[in-house]
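In what follows, a structure is listed as structure tokens, so that the remarks can point back to it.
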Amino acid sequence: MAVVDYQAPLSIKEAVTLLAGSDIKAKVMAGGTDLIIQSKSQAAEPLRILDLKHISEMMSYDISDAGLSLGPAMCCAEFTALDDVNALYPGLVEAAYLIGSTQVQGRASIGGNLCNSSPAADTIPALMASRAECVIHGVEGERTVAVEDFVTGVGRNCMQPGELLQSIWLPRPAAGTRDAYLRFIPRSEMDIAVAGAGVSVSIDASGTCTAARVAIGAVAPTALLVPQAAAALVGTQLDESALAQAAAAASIAASPITDRRGTADYRRQIVGVLVKRAALIAKQRAQASL
Amino acid sequence: MMAKLHITTSINGDATEFLCEPHDTLLDVLRNDLQMTGTKEGCGSGDCGACSVTVDGRLVCACLVLGVEAEGREIGTIEGVGDNDKLNVIQEKFLEHAALQCGICTPGLVVSTQALLTLNPDPTEAEARYFLAGNLCRCTGYDKIIRAVLDAAATMKGAA
């Protein structure tokens with residue numbers, strides 16, 4: 001793809017119209033950290049870029065009693081500095097904080113991470129754990145898809161040509177519900193997940209887990225929600241035996257590959273460890289929020 | 001061939017105009033069209049930080065920004081950090097601590113350090129190392145760089 005045209009629509013309607021009416025291949029761009037590199041590598045095909053960063057709804061957020069409506073193109077550096085978001089969705093903030101370098105976070109967005117649909121995307125398990133939904137705008141109107149149904153394969157998602165991710169919706173966690181995200185990389189910064197785990201737990205005043213969501217990343221063609229791991233946590237005090245069962249369920253659900261970042265066996269084991277540790281962090285946060 | 005795009009922007013506070021192709025990156029424009037070669041090209045894929053610049057104050061890699069995106073923005077480059085006759089404190093500290101060998105990473109590191117100290121004037125060593133993790137240096141082993149950064153922070157704090 002060689003970029004031969006650049007447009008900066010000012011509204012979602014204009015963006016969708018441009019996307020549907022383009023005579024050549026058109027792609028929307030948020031931070032461009034994936035798209036600009038891709039456009040250099042496959043130089044034969046002409047590409048029109050529609051830059052979403054001039055659309056105010058794509059770049060802003062709104063927190064209400066119902067939840068968070070996030071502009072998908074807001075860069076991670078801005079997102080991770082939002083105190084009100086961090087108070088409610090610390091796991092999603094820590095996932096966004098793990099994407100690339102400071103420089104990359106100055107461009108990369110959560111919507112872009114989602115739409116790029118990499119199996120190792122850090123924000124996707126965190127979004128799943130926090131029950132996020134994708135609000136998609138197409139030529140024929142709006143539809144909402146849960147994040148676990150959005151990504152359909154390696155680099156693939158459910159969006160049809162002409163559709164646009166217009167916002168990401170996260171319901172507001174009640175007091176006693178919080179999330180956490182952990183990933184493993186062999187160094188302390190600047191790498192792609194060997195495995196990742198996003199966990200949200202809800203606990204009551206007695207410390208009993210009343211609801212949970214467990215999602216794992218980089219261990220299957222898409223990030224996976226693991227209901228069996230969540231079920232192992234519900235009704236327990238999140239004690240060692242419950243955590244071990246959740247870890248085992250995550251390891252069973254994983255279908256990892258062997259590559260230079262880790263073997264399949266290693267990934268299967270470590271994803272369970274991450275689930276356990278993320279659940280403990282989420283538990284501490286949930287307790288503190290009561 | 002389409003006509004080149006006419007972009008009006010501000011670079012280091014100076015109103016600047018340039019022409020670019022839609023596929024030109026901000027790095028291409030700075031180095032090839034504006035002859036501002038202080039910003040270096042390392043990897044060209046956002047991994048090394050040699051081309052670190054700021055766009056509206058936010059630290060980014062110029063290789064991952066299209067030139068056309070500079071329209072109406074405020075761009076900051078290494079050329080805006082010090083004066084010809086007086087170095088910025090960060091630059092002085094890099095010299096003092098010998099925080100460079102070949103020098104290719106240095107402009108990016110200085111721009112990133114300035115961004116760090118603007119956001120966090122008193123970083124811990126760990127904070128500085130994490131913030132600067134996207135600036136690769138293949139010569140120094142980073143220790144002298146981190147000493148220079150922390151000394152610059154202390155000096156700037158003392159002067160404030």
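FYI, nothing fancy with the structure tokens labels: chains A, B, ... in order, residues from 1 per chain, ligands from 1 as they appear.
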TODO: Quick one: everything within 6 Å of stretch 98-107 of chain A, counting only C-alpha atoms, minus sequence neighbours fewer than 5 positions away in the same chain. Send it as a VMD selection string.
DONE: (chain A and resid 31 75 to 77 190) or (chain B and resid 59 to 61 131 134)
Quick check: residues of chain B within 10 Å of chain A, only C-alpha atoms, returned as a VMD selection string.
chain B and resid 1 to 2 5 21 to 25 44 to 49 51 to 55 57 to 66 68 to 69 112 115 to 116 129 to 135
Those residues you just picked out, can you put them in a file as a short mmCIF file (atom, residue, chain, number, x, y, z; two decimals), in the first residue's frame with N, CA and C atoms?
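Result written to result-v4.cif:
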```
data_model
loop_
_atom_site.label_atom_id
_atom_site.label_comp_id
_atom_site.auth_asym_id
_atom_site.auth_seq_id
_atom_site.Cartn_x
_atom_site.Cartn_y
_atom_site.Cartn_z
N MET B 1 0.30 11.77 -11.40
CA MET B 1 0.82 12.13 -10.07
C MET B 1 0.02 13.29 -9.50
N MET B 2 -0.36 13.13 -8.27
CA MET B 2 -1.12 14.20 -7.63
C MET B 2 -0.21 15.36 -7.27
N LEU B 5 1.11 18.31 -1.45
CA LEU B 5 0.25 18.96 -0.46
C LEU B 5 1.03 20.11 0.17
N GLU B 21 4.50 14.86 -0.28
CA GLU B 21 3.64 13.82 -0.83
C GLU B 21 2.84 13.23 0.32
N PRO B 22 1.67 12.63 0.03
CA PRO B 22 0.87 12.05 1.13
C PRO B 22 1.60 10.97 1.92
N HIS B 23 2.56 10.27 1.26
CA HIS B 23 3.24 9.18 1.95
C HIS B 23 4.49 9.64 2.69
N ASP B 24 4.92 10.89 2.51
CA ASP B 24 6.12 11.36 3.21
C ASP B 24 5.87 11.38 4.72
N THR B 25 6.84 10.89 5.48
CA THR B 25 6.71 11.01 6.93
C THR B 25 7.24 12.38 7.36
N GLY B 44 13.29 3.61 11.32
CA GLY B 44 12.18 3.96 10.43
C GLY B 44 10.89 3.21 10.74
N SER B 45 10.85 2.52 11.88
CA SER B 45 9.63 1.78 12.22
C SER B 45 9.17 1.99 13.66
N GLY B 46 9.65 3.07 14.28
CA GLY B 46 9.15 3.42 15.60
C GLY B 46 9.75 2.63 16.75
N ASP B 47 10.83 1.91 16.48
CA ASP B 47 11.40 1.07 17.53
C ASP B 47 12.58 1.70 18.26
N CYS B 48 13.28 2.67 17.63
CA CYS B 48 14.57 3.09 18.20
C CYS B 48 14.57 4.49 18.82
N GLY B 49 13.61 5.33 18.46
CA GLY B 49 13.52 6.64 19.09
C GLY B 49 14.52 7.68 18.60
N CYS B 51 14.44 9.37 16.03
CA CYS B 51 13.73 10.48 15.37
C CYS B 51 12.72 11.15 16.30
N SER B 52 12.93 11.04 17.62
CA SER B 52 11.99 11.62 18.58
C SER B 52 11.82 13.12 18.36
N VAL B 53 10.57 13.55 18.26
CA VAL B 53 10.22 14.97 18.17
C VAL B 53 8.96 15.15 19.02
N THR B 54 8.51 16.37 19.20
CA THR B 54 7.22 16.56 19.85
C THR B 54 6.23 17.14 18.84
N VAL B 55 4.99 16.70 18.97
CA VAL B 55 3.88 17.27 18.19
C VAL B 55 2.87 17.80 19.20
N GLY B 57 3.57 19.24 21.80
CA GLY B 57 4.15 18.95 23.12
C GLY B 57 4.24 17.48 23.44
N ARG B 58 3.65 16.62 22.60
CA ARG B 58 3.65 15.18 22.93
C ARG B 58 4.78 14.47 22.19
N LEU B 59 5.53 13.67 22.93
CA LEU B 59 6.69 12.97 22.35
C LEU B 59 6.23 11.86 21.41
N VAL B 60 6.75 11.87 20.19
CA VAL B 60 6.42 10.85 19.18
C VAL B 60 7.67 10.55 18.36
N CYS B 61 7.58 9.47 17.55
CA CYS B 61 8.62 9.20 16.56
C CYS B 61 8.22 9.86 15.25
N ALA B 62 9.09 10.70 14.69
CA ALA B 62 8.74 11.41 13.46
C ALA B 62 8.54 10.45 12.29
N CYS B 63 9.11 9.23 12.40
CA CYS B 63 8.93 8.25 11.31
C CYS B 63 7.55 7.65 11.32
N LEU B 64 6.79 7.83 12.41
CA LEU B 64 5.44 7.28 12.49
C LEU B 64 4.39 8.38 12.40
N VAL B 65 4.77 9.53 11.89
CA VAL B 65 3.84 10.64 11.68
C VAL B 65 3.94 11.01 10.21
N LEU B 66 2.82 11.22 9.55
CA LEU B 66 2.87 11.68 8.17
C LEU B 66 3.17 13.18 8.16
N VAL B 68 1.94 15.42 6.34
CA VAL B 68 0.70 16.17 6.20
C VAL B 68 0.02 16.39 7.56
N GLU B 69 0.29 15.49 8.51
CA GLU B 69 -0.32 15.64 9.83
C GLU B 69 0.24 16.84 10.61
N SER B 112 13.74 13.49 24.13
CA SER B 112 12.93 12.67 25.03
C SER B 112 13.15 13.07 26.48
N ALA B 115 11.20 16.06 27.22
CA ALA B 115 9.78 15.71 27.39
C ALA B 115 9.56 15.09 28.77
N LEU B 116 10.49 14.21 29.18
CA LEU B 116 10.39 13.59 30.51
C LEU B 116 10.40 14.64 31.61
N ARG B 129 14.35 5.49 33.37
CA ARG B 129 14.67 4.36 32.49
C ARG B 129 13.43 3.89 31.73
N TYR B 130 12.28 3.82 32.40
CA TYR B 130 11.06 3.41 31.70
C TYR B 130 10.65 4.43 30.64
N PHE B 131 10.69 5.69 31.00
CA PHE B 131 10.27 6.74 30.05
C PHE B 131 11.14 6.71 28.79
N LEU B 132 12.43 6.46 28.99
CA LEU B 132 13.39 6.52 27.88
C LEU B 132 13.63 5.16 27.24
N ALA B 133 12.82 4.16 27.59
CA ALA B 133 13.06 2.81 27.07
C ALA B 133 12.91 2.74 25.55
N GLY B 134 12.21 3.69 24.97
CA GLY B 134 12.03 3.70 23.52
C GLY B 134 13.16 4.41 22.78
N ASN B 135 14.18 4.84 23.49
CA ASN B 135 15.35 5.45 22.86
C ASN B 135 16.52 4.48 22.97
#
```
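Going from atom CA of A:Thr222 over to atom CA of A:Ile257, you cover 12.0 Å.
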Exercise for review: Excluding stretch 144-160 of chain B and residues on its chain fewer than 5 positions from it, collect all residues at most 7 Å away from it, counting only C-alpha atoms, and give them as a list of chain:residue names.
Suggested key: B:Val89, B:Ile90, B:Lys93, B:Phe94, B:His97, B:Ala98, B:Ala99, B:Thr113, B:Leu117, B:Pro121, B:Asp122
### Query
So which bits of stretch 59-194 of chain A end up helix (DSSP H, G or I) when you DSSP the backbone, as a VMD selection string?
chain A and resid 59 76 to 79 83 to 88 90 to 97 102 to 105 110 to 116 123 to 129 147 to 150
Just to be explicit: take each residue in the selection above, keep C-alpha atoms, and write the result as a PDB file, in the first residue's frame.
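Once written, again.pdb looks like this:
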```
ATOM      1  CA  MET A  59     -10.442  11.775  20.506  1.00  0.00           C
ATOM      2  CA  CYS A  76      -2.518   5.938  24.986  1.00  0.00           C
ATOM      3  CA  ALA A  77      -0.318   8.654  26.536  1.00  0.00           C
ATOM      4  CA  GLU A  78      -3.409  10.822  27.025  1.00  0.00           C
ATOM      5  CA  PHE A  79      -5.551   7.871  28.149  1.00  0.00           C
ATOM      6  CA  ASP A  83      -7.112   9.959  36.803  1.00  0.00           C
ATOM      7  CA  ASP A  84     -10.868   9.361  36.676  1.00  0.00           C
ATOM      8  CA  VAL A  85     -10.417   6.489  34.212  1.00  0.00           C
ATOM      9  CA  ASN A  86      -7.547   5.009  36.217  1.00  0.00           C
ATOM     10  CA  ALA A  87      -9.688   4.984  39.357  1.00  0.00           C
ATOM     11  CA  LEU A  88     -12.306   2.777  37.694  1.00  0.00           C
ATOM     12  CA  PRO A  90      -6.837   0.408  36.348  1.00  0.00           C
ATOM     13  CA  GLY A  91      -6.346  -2.829  34.391  1.00  0.00           C
ATOM     14  CA  LEU A  92      -7.164  -1.219  31.066  1.00  0.00           C
ATOM     15  CA  VAL A  93      -4.868   1.697  31.909  1.00  0.00           C
ATOM     16  CA  GLU A  94      -2.004  -0.673  32.725  1.00  0.00           C
ATOM     17  CA  ALA A  95      -2.556  -2.497  29.419  1.00  0.00           C
ATOM     18  CA  ALA A  96      -2.460   0.787  27.480  1.00  0.00           C
ATOM     19  CA  TYR A  97       0.694   1.728  29.376  1.00  0.00           C
ATOM     20  CA  THR A 102       6.570   6.530  25.377  1.00  0.00           C
ATOM     21  CA  GLN A 103       6.823   7.715  21.754  1.00  0.00           C
ATOM     22  CA  VAL A 104       4.525   4.972  20.471  1.00  0.00           C
ATOM     23  CA  GLN A 105       2.034   5.703  23.257  1.00  0.00           C
ATOM     24  CA  ILE A 110      -6.873   1.636  22.158  1.00  0.00           C
ATOM     25  CA  GLY A 111      -9.192   1.601  19.135  1.00  0.00           C
ATOM     26  CA  GLY A 112      -6.217   1.036  16.860  1.00  0.00           C
ATOM     27  CA  ASN A 113      -4.894  -1.766  19.072  1.00  0.00           C
ATOM     28  CA  LEU A 114      -8.339  -3.380  18.906  1.00  0.00           C
ATOM     29  CA  CYS A 115      -8.860  -2.946  15.153  1.00  0.00           C
ATOM     30  CA  ASN A 116      -5.342  -4.138  14.324  1.00  0.00           C
ATOM     31  CA  THR A 123      -5.597  -3.913  25.556  1.00  0.00           C
ATOM     32  CA  ILE A 124      -7.874  -6.646  24.171  1.00  0.00           C
ATOM     33  CA  PRO A 125      -7.835  -9.013  27.190  1.00  0.00           C
ATOM     34  CA  ALA A 126      -8.138  -5.972  29.471  1.00  0.00           C
ATOM     35  CA  LEU A 127     -11.147  -4.718  27.500  1.00  0.00           C
ATOM     36  CA  MET A 128     -12.767  -8.172  27.644  1.00  0.00           C
ATOM     37  CA  ALA A 129     -12.222  -8.377  31.405  1.00  0.00           C
ATOM     38  CA  VAL A 147     -15.082  -7.202  22.383  1.00  0.00           C
ATOM     39  CA  GLU A 148     -14.893 -11.018  22.673  1.00  0.00           C
ATOM     40  CA  ASP A 149     -16.998 -11.253  19.488  1.00  0.00           C
ATOM     41  CA  PHE A 150     -15.189  -8.413  17.692  1.00  0.00           C
TER      42      PHE A 150
END
```
